[in-house]
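Okay, upload-v2.txt is below, compact mmCIF, C-alpha atoms and all ligand atoms:
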# COMPACT_ATOMS: atom_id res chain seq x y z
CA ALA E 248 -29.33 -37.60 97.61
CA THR E 249 -26.29 -37.39 95.33
CA SER E 250 -22.97 -36.12 96.67
CA ALA E 251 -23.52 -32.86 94.69
CA ASP E 252 -26.76 -32.27 96.58
CA PRO E 253 -26.20 -29.36 99.00
CA THR E 254 -28.58 -30.94 101.51
CA SER E 255 -26.66 -34.22 101.61
CA SER E 256 -24.48 -34.76 104.66
CA SER E 257 -21.79 -36.25 102.40
CA PHE E 258 -21.41 -33.07 100.37
CA SER E 259 -18.51 -33.18 97.90
CA LEU E 260 -17.06 -29.86 96.78
CA ASP E 261 -15.33 -31.56 93.85
CA ASP E 262 -18.64 -32.89 92.49
CA TYR E 263 -20.31 -29.56 93.16
CA LEU E 264 -17.61 -27.61 91.29
CA LYS E 265 -17.71 -30.11 88.41
CA SER E 266 -21.44 -29.55 88.07
CA LYS E 267 -21.12 -25.74 88.13
CA LEU E 268 -17.97 -25.10 86.11
CA GLY E 269 -19.33 -26.47 82.80
CA PRO E 270 -22.32 -24.10 82.66
CA ILE E 271 -20.17 -21.19 83.91
CA GLU E 272 -17.48 -21.76 81.25
CA SER E 273 -20.02 -21.93 78.43
CA ALA E 274 -21.87 -18.83 79.67
CA LEU E 275 -18.54 -16.98 79.83
CA ALA E 276 -17.49 -18.09 76.34
CA SER E 277 -20.72 -16.98 74.68
CA SER E 278 -20.78 -13.66 76.59
CA VAL E 279 -17.84 -12.23 74.62
CA ALA E 280 -18.36 -13.87 71.23
CA SER E 281 -17.90 -11.37 68.39
CA ARG E 282 -21.03 -10.79 66.34
CA ILE E 283 -19.56 -8.65 63.55
CA PRO E 284 -16.11 -8.80 61.88
CA GLN E 285 -15.21 -5.30 63.07
CA THR E 286 -15.24 -6.43 66.72
CA ASP E 287 -13.24 -9.60 66.18
CA ARG E 288 -9.98 -8.23 67.57
CA ILE E 289 -11.35 -6.63 70.76
CA CYS E 290 -13.56 -9.65 71.43
CA GLU E 291 -10.58 -11.94 70.91
CA ALA E 292 -8.58 -9.97 73.50
CA MET E 293 -11.52 -10.00 75.95
CA SER E 294 -12.02 -13.71 75.44
CA TYR E 295 -8.29 -14.47 75.68
CA SER E 296 -8.20 -13.18 79.25
CA LEU E 297 -11.72 -14.19 80.29
CA MET E 298 -11.17 -17.80 79.19
CA ALA E 299 -7.60 -18.11 80.49
CA GLY E 300 -8.50 -20.62 83.19
CA GLY E 301 -9.21 -18.90 86.49
CA LYS E 302 -10.70 -20.73 89.45
CA ARG E 303 -14.11 -19.01 88.89
CA ILE E 304 -14.52 -18.49 92.63
CA ARG E 305 -16.70 -15.38 92.21
CA PRO E 306 -19.23 -16.98 89.81
CA VAL E 307 -19.44 -20.12 91.96
CA LEU E 308 -20.01 -18.03 95.10
CA CYS E 309 -22.80 -16.11 93.38
CA ILE E 310 -24.60 -19.22 92.15
CA ALA E 311 -24.15 -21.03 95.49
CA ALA E 312 -25.63 -18.07 97.38
CA CYS E 313 -28.61 -17.84 95.03
CA GLU E 314 -29.30 -21.56 95.39
CA MET E 315 -28.88 -21.36 99.18
CA LEU E 316 -31.84 -18.97 99.16
CA GLY E 317 -33.84 -21.32 96.95
CA GLY E 318 -33.19 -19.41 93.71
CA ASP E 319 -32.40 -20.95 90.35
CA GLN E 320 -28.87 -21.15 88.89
CA ASP E 321 -30.06 -19.49 85.68
CA VAL E 322 -31.20 -16.41 87.58
CA ALA E 323 -27.70 -15.90 88.97
CA MET E 324 -25.74 -16.83 85.83
CA PRO E 325 -25.66 -13.38 84.16
CA THR E 326 -24.35 -11.87 87.40
CA ALA E 327 -21.87 -14.74 87.78
CA VAL E 328 -20.57 -13.93 84.30
CA ALA E 329 -20.44 -10.20 85.09
CA LEU E 330 -18.40 -10.84 88.24
CA GLU E 331 -15.81 -12.80 86.27
CA MET E 332 -15.73 -10.06 83.60
CA ILE E 333 -15.04 -7.45 86.27
CA HIS E 334 -12.42 -9.64 87.94
CA THR E 335 -10.73 -10.25 84.57
CA MET E 336 -10.76 -6.54 83.76
CA SER E 337 -9.01 -5.84 87.07
CA LEU E 338 -6.36 -8.48 86.32
CA ILE E 339 -5.72 -7.12 82.79
CA HIS E 340 -5.29 -3.59 84.18
CA ASP E 341 -3.28 -4.79 87.18
CA ASP E 342 -0.77 -6.49 84.84
CA LEU E 343 -0.22 -3.40 82.65
CA PRO E 344 3.23 -1.75 82.53
CA ALA E 345 1.79 1.28 84.41
CA MET E 346 0.77 -1.01 87.29
CA ASP E 347 2.47 -4.31 88.17
CA ASP E 348 4.04 -4.79 84.72
CA ASP E 349 3.56 -8.56 84.67
CA ASP E 350 4.24 -10.73 81.62
CA LEU E 351 2.48 -13.83 82.93
CA ARG E 352 -0.97 -14.42 84.39
CA ARG E 353 -2.45 -17.84 85.13
CA GLY E 354 0.66 -19.23 83.48
CA LYS E 355 -0.02 -17.53 80.13
CA PRO E 356 1.32 -14.31 78.56
CA THR E 357 -0.69 -11.33 79.82
CA CYS E 358 -3.24 -9.55 77.63
CA HIS E 359 -0.95 -6.60 76.82
CA VAL E 360 1.93 -8.91 75.90
CA VAL E 361 -0.28 -10.65 73.32
CA TYR E 362 -2.46 -7.77 72.07
CA GLY E 363 -0.47 -4.65 72.95
CA GLU E 364 -1.03 -2.17 75.76
CA ASP E 365 -3.60 -0.15 73.81
CA VAL E 366 -5.87 -3.10 73.03
CA ALA E 367 -5.44 -4.53 76.56
CA ILE E 368 -6.65 -1.28 78.16
CA LEU E 369 -9.64 -1.24 75.83
CA ALA E 370 -10.39 -4.94 76.40
CA GLY E 371 -10.52 -4.22 80.14
CA ASP E 372 -12.82 -1.23 79.58
CA ALA E 373 -15.07 -3.29 77.31
CA LEU E 374 -15.27 -6.15 79.84
CA LEU E 375 -16.25 -3.70 82.56
CA SER E 376 -19.03 -1.99 80.64
CA THR E 377 -20.25 -5.26 79.13
CA SER E 378 -20.58 -6.71 82.64
CA PHE E 379 -23.29 -4.20 83.54
CA GLU E 380 -25.04 -4.61 80.19
CA HIS E 381 -24.96 -8.37 80.63
CA VAL E 382 -26.74 -8.31 84.00
CA ALA E 383 -29.32 -5.78 82.84
CA ARG E 384 -30.07 -7.58 79.58
CA HIS E 385 -29.98 -11.24 80.58
CA THR E 386 -31.28 -11.52 84.15
CA LYS E 387 -34.77 -12.96 83.86
CA GLY E 388 -37.50 -14.15 86.20
CA VAL E 389 -36.96 -11.86 89.22
CA PRO E 390 -38.34 -8.41 90.10
CA ALA E 391 -36.45 -5.54 88.41
CA GLU E 392 -35.55 -3.99 91.81
CA ARG E 393 -33.32 -6.95 92.58
CA VAL E 394 -31.49 -6.51 89.29
CA VAL E 395 -31.01 -2.78 89.88
CA ASP E 396 -29.69 -3.51 93.38
CA VAL E 397 -27.18 -6.00 91.95
CA ILE E 398 -25.98 -3.56 89.26
CA ALA E 399 -25.56 -0.80 91.88
CA ARG E 400 -23.50 -3.13 94.08
CA LEU E 401 -21.34 -4.25 91.16
CA GLY E 402 -20.66 -0.62 90.25
CA ARG E 403 -19.72 0.26 93.80
CA SER E 404 -17.34 -2.67 94.04
CA VAL E 405 -15.25 -1.36 91.14
CA GLY E 406 -15.12 2.33 92.11
CA ALA E 407 -13.37 4.40 94.78
CA GLU E 408 -14.90 2.21 97.52
CA GLY E 409 -13.83 -0.96 95.76
CA LEU E 410 -11.16 -2.23 93.37
CA ALA E 411 -9.96 1.14 92.08
CA GLY E 412 -9.72 2.69 95.57
CA GLY E 413 -7.98 -0.38 96.94
CA GLN E 414 -5.49 -0.38 94.10
CA VAL E 415 -4.64 3.32 94.62
CA MET E 416 -4.06 2.74 98.34
CA ASP E 417 -1.93 -0.28 97.44
CA LEU E 418 0.18 1.83 95.05
CA GLU E 419 0.60 4.48 97.76
CA CYS E 420 1.84 1.92 100.27
CA GLU E 421 4.14 0.15 97.82
CA GLY E 422 7.75 0.31 98.85
CA LYS E 423 6.88 2.67 101.70
CA ALA E 424 8.00 1.73 105.19
CA GLY E 425 5.43 1.64 107.98
CA THR E 426 2.46 -0.06 106.30
CA THR E 427 0.35 -1.28 109.21
CA LEU E 428 -1.96 -4.26 109.61
CA ASP E 429 -4.89 -1.84 109.34
CA ASP E 430 -3.54 -0.45 106.03
CA LEU E 431 -3.12 -3.98 104.73
CA ARG E 432 -6.64 -4.90 105.77
CA TRP E 433 -8.07 -1.78 104.10
CA ILE E 434 -6.29 -2.63 100.85
CA HIS E 435 -7.47 -6.23 100.88
CA ILE E 436 -11.03 -5.40 101.85
CA HIS E 437 -11.23 -3.11 98.83
CA LYS E 438 -9.11 -5.00 96.30
CA THR E 439 -10.39 -8.48 97.05
CA ALA E 440 -13.09 -8.86 99.69
CA THR E 441 -15.53 -6.34 98.19
CA LEU E 442 -15.98 -8.25 94.92
CA LEU E 443 -16.32 -11.56 96.77
CA GLN E 444 -18.88 -9.85 98.99
CA VAL E 445 -20.86 -8.61 96.01
CA ALA E 446 -20.70 -12.11 94.53
CA VAL E 447 -22.37 -13.66 97.58
CA ALA E 448 -24.73 -10.76 98.32
CA SER E 449 -25.91 -10.53 94.70
CA GLY E 450 -26.60 -14.23 94.52
CA ALA E 451 -28.55 -14.02 97.77
CA ILE E 452 -30.51 -10.97 96.60
CA LEU E 453 -31.41 -12.63 93.30
CA GLY E 454 -32.49 -15.69 95.26
CA GLY E 455 -34.89 -13.55 97.30
CA ALA E 456 -32.95 -12.93 100.55
CA THR E 457 -34.30 -10.63 103.26
CA PRO E 458 -32.07 -7.67 104.30
CA GLU E 459 -30.96 -9.67 107.39
CA GLU E 460 -30.04 -12.64 105.23
CA VAL E 461 -28.08 -10.37 102.86
CA GLN E 462 -26.19 -8.97 105.86
CA ALA E 463 -25.27 -12.45 107.11
CA CYS E 464 -24.01 -13.28 103.60
CA GLU E 465 -21.99 -10.06 103.47
CA LYS E 466 -20.29 -10.77 106.79
CA PHE E 467 -19.49 -14.30 105.61
CA ALA E 468 -18.00 -13.00 102.36
CA MET E 469 -15.97 -10.22 103.97
CA ASP E 470 -14.27 -12.73 106.25
CA ILE E 471 -13.56 -15.24 103.51
CA GLY E 472 -12.26 -12.35 101.37
CA LEU E 473 -9.74 -11.38 104.03
CA ALA E 474 -8.85 -15.02 104.62
CA PHE E 475 -8.32 -15.42 100.86
CA GLN E 476 -5.69 -12.70 100.94
CA VAL E 477 -3.97 -14.04 104.06
CA ALA E 478 -3.91 -17.47 102.38
CA ASP E 479 -2.40 -15.85 99.27
CA ASP E 480 0.44 -14.38 101.32
CA ILE E 481 1.00 -17.77 102.96
CA LEU E 482 1.01 -19.49 99.53
CA ASP E 483 3.56 -17.01 98.19
CA VAL E 484 5.95 -18.22 100.85
CA THR E 485 5.09 -21.91 100.87
CA ALA E 486 4.01 -22.77 97.27
CA SER E 487 6.41 -24.63 95.04
CA SER E 488 8.04 -22.59 92.28
CA GLU E 489 6.65 -25.08 89.73
CA ASP E 490 3.21 -23.52 90.26
CA LEU E 491 2.15 -21.82 87.07
CA GLY E 492 2.36 -18.06 87.08
CA LYS E 493 3.70 -17.86 90.59
CA THR E 494 7.19 -17.50 91.92
CA ALA E 495 7.72 -18.98 95.35
CA GLY E 496 8.92 -16.47 97.87
CA LYS E 497 8.13 -13.65 95.41
CA ASP E 498 7.05 -11.22 98.11
CA GLU E 499 10.05 -11.96 100.27
CA ALA E 500 12.19 -10.52 97.53
CA THR E 501 10.18 -7.28 97.20
CA ASP E 502 9.26 -4.42 99.51
CA LYS E 503 5.61 -5.49 99.58
CA THR E 504 4.09 -5.73 103.05
CA THR E 505 2.34 -9.06 103.66
CA TYR E 506 0.53 -10.73 106.54
CA VAL E 507 3.39 -13.20 106.80
CA LYS E 508 5.88 -10.35 107.24
CA LEU E 509 3.70 -8.56 109.79
CA LEU E 510 2.39 -11.56 111.76
CA GLY E 511 4.76 -14.44 110.95
CA LEU E 512 3.79 -17.66 109.17
CA GLU E 513 2.17 -19.54 112.05
CA GLU E 514 0.15 -16.56 113.27
CA SER E 515 -0.98 -15.86 109.69
CA LYS E 516 -2.21 -19.45 109.37
CA ARG E 517 -4.06 -19.12 112.67
CA TYR E 518 -5.60 -15.79 111.57
CA ALA E 519 -6.81 -17.27 108.26
CA ARG E 520 -8.39 -20.21 110.06
CA GLU E 521 -10.05 -17.90 112.61
CA LEU E 522 -11.52 -15.78 109.79
CA ILE E 523 -12.87 -18.88 108.03
CA ASP E 524 -14.41 -20.27 111.22
CA GLY E 525 -16.05 -16.90 111.93
CA ALA E 526 -17.33 -16.72 108.36
CA LYS E 527 -18.88 -20.17 108.56
CA GLY E 528 -20.69 -19.22 111.76
CA CYS E 529 -22.54 -16.47 109.84
CA LEU E 530 -24.29 -19.07 107.70
CA ALA E 531 -25.70 -21.12 110.60
CA PRO E 532 -29.25 -19.79 109.96
CA PHE E 533 -29.23 -21.42 106.52
CA GLY E 534 -28.64 -24.95 107.84
CA ASP E 535 -27.72 -27.67 105.33
CA ARG E 536 -28.40 -25.38 102.37
CA ALA E 537 -25.15 -23.55 103.23
CA ALA E 538 -23.05 -26.69 102.52
CA PRO E 539 -21.53 -25.44 99.23
CA LEU E 540 -20.57 -22.03 100.65
CA LEU E 541 -19.12 -23.65 103.78
CA ALA E 542 -17.02 -25.99 101.65
CA ILE E 543 -15.83 -23.10 99.45
CA ALA E 544 -14.80 -21.22 102.61
CA ASP E 545 -12.60 -24.16 103.64
CA PHE E 546 -11.21 -24.45 100.11
CA ILE E 547 -10.11 -20.81 100.23
CA VAL E 548 -7.60 -21.46 103.00
CA ASP E 549 -6.73 -25.03 101.99
CA ARG E 550 -6.15 -24.32 98.27
CA LYS E 551 -2.78 -24.82 96.61
CA ASN E 552 -2.97 -21.97 94.05
C1 LIG A 1 -9.77 -0.08 86.05
C2 LIG A 1 -11.75 0.66 87.42
C3 LIG A 1 -10.54 -0.15 87.31
C4 LIG A 1 -10.17 -0.94 88.35
C5 LIG A 1 -9.04 -1.84 88.34
C6 LIG A 1 -6.10 -2.86 88.72
C7 LIG A 1 -7.19 -2.59 89.69
C8 LIG A 1 -8.10 -1.47 89.45
C9 LIG A 1 -7.37 -3.34 90.79
C10 LIG A 1 -6.53 -4.50 91.12
C11 LIG A 1 -7.40 -5.56 91.60
C12 LIG A 1 -6.63 -6.82 91.86
C13 LIG A 1 -5.65 -7.33 90.88
C14 LIG A 1 -6.93 -7.47 92.99
C15 LIG A 1 -6.36 -8.76 93.36
C16 LIG A 1 -7.49 -9.74 93.27
C17 LIG A 1 -7.09 -11.16 93.44
C18 LIG A 1 -7.17 -11.73 94.80
C19 LIG A 1 -6.75 -11.88 92.36
C20 LIG A 1 -6.56 -13.32 92.37
O1 LIG A 1 -7.86 -13.88 92.29
P1 LIG A 1 -8.08 -15.43 92.03
O2 LIG A 1 -7.15 -16.24 92.86
O3 LIG A 1 -7.58 -15.53 90.52
O4 LIG A 1 -9.53 -15.71 92.12
P2 LIG A 1 -8.00 -16.56 89.39
O5 LIG A 1 -6.84 -16.55 88.44
O6 LIG A 1 -8.25 -17.89 89.98
O7 LIG A 1 -9.23 -15.97 88.76
So that I can check it, write out the structure of this file as structure tokens.
Ligand code: GRG
Amino acid sequence: ATSADPTSSSFSLDDYLKSKLGPIESALASSVASRIPQTDRICEAMSYSLMAGGKRIRPVLCIAACEMLGGDQDVAMPTAVALEMIHTMSLIHDDLPAMDDDDLRRGKPTCHVVYGEDVAILAGDALLSTSFEHVARHTKGVPAERVVDVIARLGRSVGAEGLAGGQVMDLECEGKAGTTLDDLRWIHIHKTATLLQVAVASGAILGGATPEEVQACEKFAMDIGLAFQVADDILDVTASSEDLGKTAGKDEATDKTTYVKLLGLEESKRYARELIDGAKGCLAPFGDRAAPLLAIADFIVDRKN
């Protein structure tokens, strides 16, 4: 077995990511290519943000879950692309002057800085609607019910019970005293964990998971989603200010409530580790086939950006 083989005991996440990122990047690039001159500008704005160099955690999670269930990478790829489109849309909108008003994202000028607020809003809208079209049009080789289930889950993850609802709650809590750990958890479940959950659940569904298997995947993803956010708060305090697009200690300087402020640094680290260990336990039924997802779970708390 090679080190990229999920069943090998010497599984290497680096090799695994190297083997997945190439196909993901090319699928992303072709998904927003303009086909007629009239769409050149909007497609350029969509592509600018989509191709700006994210970690691609959501697409990798989706493909890894599909393969864990014995499904093919190609079956999951349209959904992997859709997840990154939705994620990118949320970042473009999150950076707008009406929201966080950020000039930099992933170390590059934000979409509205380059293309204007009007085009950035529309690029986000176009990425969102194209994500659903992309799954419906390009997912091949599995029963249609699985595809419909995936599209329904993607839609839910963006709406009031997902990104949009989480963002509104976040705005309500901003600068307000008395945000509790439960409030913080609610925000992060909806802003972050839900899309990670859909990434893993969709991959599993496309790979042919039973309802019990989907549930185990969902519990895994919810916990790594929360851990991701706790790790983010820890990184904001500990990361070096040379990190692109991040300012060390950023949240210390604002009113934003974070896990580190509520729990302290050491307790936050312990909480993140506990969430990751719990998450990994959910995948025990999948044996060695879970190796990539287990390694990604560790990466989420050990990452440096
Ligand atoms: C417009 C319907 C609609 C919804 C958007 C703006 C908004 C509502 C939601 C905000 C969502 C948001 C910005 C959540 C934070 C998600 C998060 C953890 C981002 C960082 O993800 P990484 O680390 O980023 O995966 P990279 O850059 O690696 O892709």
Do you know which residues are at most 9 Å from Glu291 in chain E counting only C-alpha atoms, after dropping those on the same chain fewer than 3 positions away, and could you put them as a PDB file with C-alpha atoms, in the coordinates of the input?
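Final file, around-v2.pdb:
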ATOM      1  CA  VAL E 279     -17.840 -12.230  74.620  1.00  0.00           C
ATOM      2  CA  ALA E 280     -18.360 -13.870  71.230  1.00  0.00           C
ATOM      3  CA  SER E 281     -17.900 -11.370  68.390  1.00  0.00           C
ATOM      4  CA  THR E 286     -15.240  -6.430  66.720  1.00  0.00           C
ATOM      5  CA  ASP E 287     -13.240  -9.600  66.180  1.00  0.00           C
ATOM      6  CA  ARG E 288      -9.980  -8.230  67.570  1.00  0.00           C
ATOM      7  CA  SER E 294     -12.020 -13.710  75.440  1.00  0.00           C
ATOM      8  CA  TYR E 295      -8.290 -14.470  75.680  1.00  0.00           C
ATOM      9  CA  SER E 296      -8.200 -13.180  79.250  1.00  0.00           C
ATOM     10  CA  ALA E 370     -10.390  -4.940  76.400  1.00  0.00           C
TER      11      ALA E 370
END
Next on the checklist: Given all atoms listed in the file as the basis, pick out the residue of E:Leu260, E:Ile398, E:Leu351, E:Ala323 nearest to ligand LIG 1 (chain A).
Outcome noted: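 The answer is E:Leu351, which sits nearest to ligand LIG 1 (chain A).
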Checklist entry - So how far away is CA of Gly406 in chain E from CA of Leu540 in chain E, in Å? => result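 Here the two named atoms are 26.4 Å from each other.
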Item to check | Which residue of E:Leu338, E:Ala451, E:Val397, E:Leu268 approaches ligand LIG 1 (chain A) most closely, using only C-alpha atoms and all ligand atoms | outcome: E:Leu338
Checklist entry - Residues at most 7 Å from ligand LIG 1 (chain A), using all atoms listed in the file? Could they come as a PyMOL selection string? => result chain E and resi 300-304+336-338+340-341+353+405-406+410-411+413-414+438-439+476
Quick one: write out the picked residues with C-alpha atoms as a compact mmCIF listing (two decimals), keeping the file's coordinate frame?
# COMPACT_ATOMS: atom_id res chain seq x y z
CA GLY E 300 -8.50 -20.62 83.19
CA GLY E 301 -9.21 -18.90 86.49
CA LYS E 302 -10.70 -20.73 89.45
CA ARG E 303 -14.11 -19.01 88.89
CA ILE E 304 -14.52 -18.49 92.63
CA MET E 336 -10.76 -6.54 83.76
CA SER E 337 -9.01 -5.84 87.07
CA LEU E 338 -6.36 -8.48 86.32
CA HIS E 340 -5.29 -3.59 84.18
CA ASP E 341 -3.28 -4.79 87.18
CA ARG E 353 -2.45 -17.84 85.13
CA VAL E 405 -15.25 -1.36 91.14
CA GLY E 406 -15.12 2.33 92.11
CA LEU E 410 -11.16 -2.23 93.37
CA ALA E 411 -9.96 1.14 92.08
CA GLY E 413 -7.98 -0.38 96.94
CA GLN E 414 -5.49 -0.38 94.10
CA LYS E 438 -9.11 -5.00 96.30
CA THR E 439 -10.39 -8.48 97.05
CA GLN E 476 -5.69 -12.70 100.94
Next on the checklist: I'd like the neighbourhood of Ile271 in chain E as a list in words, where a residue qualifies if any of its atoms comes within 10 Å (using all atoms listed in the file), though same-chain residues fewer than 4 positions away should be ignored.
Outcome noted: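 Close residues of Ile271 in chain E: Ser266, Lys267, Leu275, Ala276, Arg303, Pro306, Val307, Ile310, Met324, Pro325, Ala327, Val328 and Glu331 of chain E.
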Item to check | Selected residue of minimal separation from Lys527 in chain E among E:Met293, E:Ala463, E:Ala456, E:Leu264, counting only C-alpha atoms | outcome: E:Ala463
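With all atoms listed in the file as the atoms that count, the minimum distance from Thr505 in chain E to the choices E:Leu431, E:Ile452, E:Ile339, E:Phe467 is reached by E:Leu431.
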Checklist outcome for this item: What separates CA of Leu482 in chain E and CA of Asn552 in chain E is a distance of 7.2 Å
Next on the checklist: Given all atoms listed in the file as the basis, pick out the residue of E:Leu374, E:Ala383, E:Val548, E:Ile434 nearest to Gly412 in chain E.
Outcome noted: E:Ile434
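The space separating CA of Lys387 in chain E from CA of Gly454 in chain E comes to 11.9 Å.
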Item to check | Using only C-alpha atoms: which of E:Ala311, E:Ala440, E:Ser515, E:Asp261 has the shortest distance to Ala538 in chain E | outcome: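 Distance minimum relative to Ala538 in chain E lands on E:Ala311.
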Range 466-474 of chain E: axis-aligned bounding box, 4 Å on each side, centre and edge lengths in Å, one decimal, as AutoDock Vina command-line options:
--center_x -14.6 --center_y -12.7 --center_z 104.1 --size_x 19.4 --size_y 13.0 --size_z 13.4
Limit the output to C-alpha atoms and give range 385-423 of chain E as a PDB file, in the first residue's frame.
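Output below, filename decode_24.pdb:
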ATOM      1  CA  HIS E 385     -23.021  17.068 -12.816  1.00  0.00           C
ATOM      2  CA  THR E 386     -23.563  14.336 -10.211  1.00  0.00           C
ATOM      3  CA  LYS E 387     -23.579  11.072 -12.138  1.00  0.00           C
ATOM      4  CA  GLY E 388     -23.750   7.376 -11.347  1.00  0.00           C
ATOM      5  CA  VAL E 389     -25.888   7.379  -8.170  1.00  0.00           C
ATOM      6  CA  PRO E 390     -29.666   7.193  -7.622  1.00  0.00           C
ATOM      7  CA  ALA E 391     -31.416  10.577  -8.023  1.00  0.00           C
ATOM      8  CA  GLU E 392     -32.772  10.418  -4.431  1.00  0.00           C
ATOM      9  CA  ARG E 393     -29.252  10.747  -3.081  1.00  0.00           C
ATOM     10  CA  VAL E 394     -28.670  13.844  -5.186  1.00  0.00           C
ATOM     11  CA  VAL E 395     -31.949  15.411  -4.070  1.00  0.00           C
ATOM     12  CA  ASP E 396     -31.064  14.677  -0.430  1.00  0.00           C
ATOM     13  CA  VAL E 397     -27.679  16.379  -0.883  1.00  0.00           C
ATOM     14  CA  ILE E 398     -29.224  19.467  -2.522  1.00  0.00           C
ATOM     15  CA  ALA E 399     -31.807  19.729   0.294  1.00  0.00           C
ATOM     16  CA  ARG E 400     -29.056  19.546   2.913  1.00  0.00           C
ATOM     17  CA  LEU E 401     -26.942  22.144   1.115  1.00  0.00           C
ATOM     18  CA  GLY E 402     -29.932  24.492   0.974  1.00  0.00           C
ATOM     19  CA  ARG E 403     -30.666  24.043   4.654  1.00  0.00           C
ATOM     20  CA  SER E 404     -27.071  24.746   5.595  1.00  0.00           C
ATOM     21  CA  VAL E 405     -27.223  28.216   4.034  1.00  0.00           C
ATOM     22  CA  GLY E 406     -30.631  29.317   5.346  1.00  0.00           C
ATOM     23  CA  ALA E 407     -32.072  30.365   8.703  1.00  0.00           C
ATOM     24  CA  GLU E 408     -30.886  27.082  10.269  1.00  0.00           C
ATOM     25  CA  GLY E 409     -27.416  27.506   8.831  1.00  0.00           C
ATOM     26  CA  LEU E 410     -25.016  30.228   7.722  1.00  0.00           C
ATOM     27  CA  ALA E 411     -27.529  33.067   7.434  1.00  0.00           C
ATOM     28  CA  GLY E 412     -29.149  32.330  10.814  1.00  0.00           C
ATOM     29  CA  GLY E 413     -25.768  31.958  12.487  1.00  0.00           C
ATOM     30  CA  GLN E 414     -24.561  35.231  11.021  1.00  0.00           C
ATOM     31  CA  VAL E 415     -27.665  37.120  12.235  1.00  0.00           C
ATOM     32  CA  MET E 416     -27.222  35.736  15.755  1.00  0.00           C
ATOM     33  CA  ASP E 417     -23.542  36.702  15.565  1.00  0.00           C
ATOM     34  CA  LEU E 418     -24.463  40.271  14.556  1.00  0.00           C
ATOM     35  CA  GLU E 419     -26.958  40.446  17.437  1.00  0.00           C
ATOM     36  CA  CYS E 420     -24.329  39.370  19.959  1.00  0.00           C
ATOM     37  CA  GLU E 421     -21.605  41.637  18.578  1.00  0.00           C
ATOM     38  CA  GLY E 422     -20.432  44.179  21.080  1.00  0.00           C
ATOM     39  CA  LYS E 423     -23.176  43.128  23.495  1.00  0.00           C
TER      40      LYS E 423
END
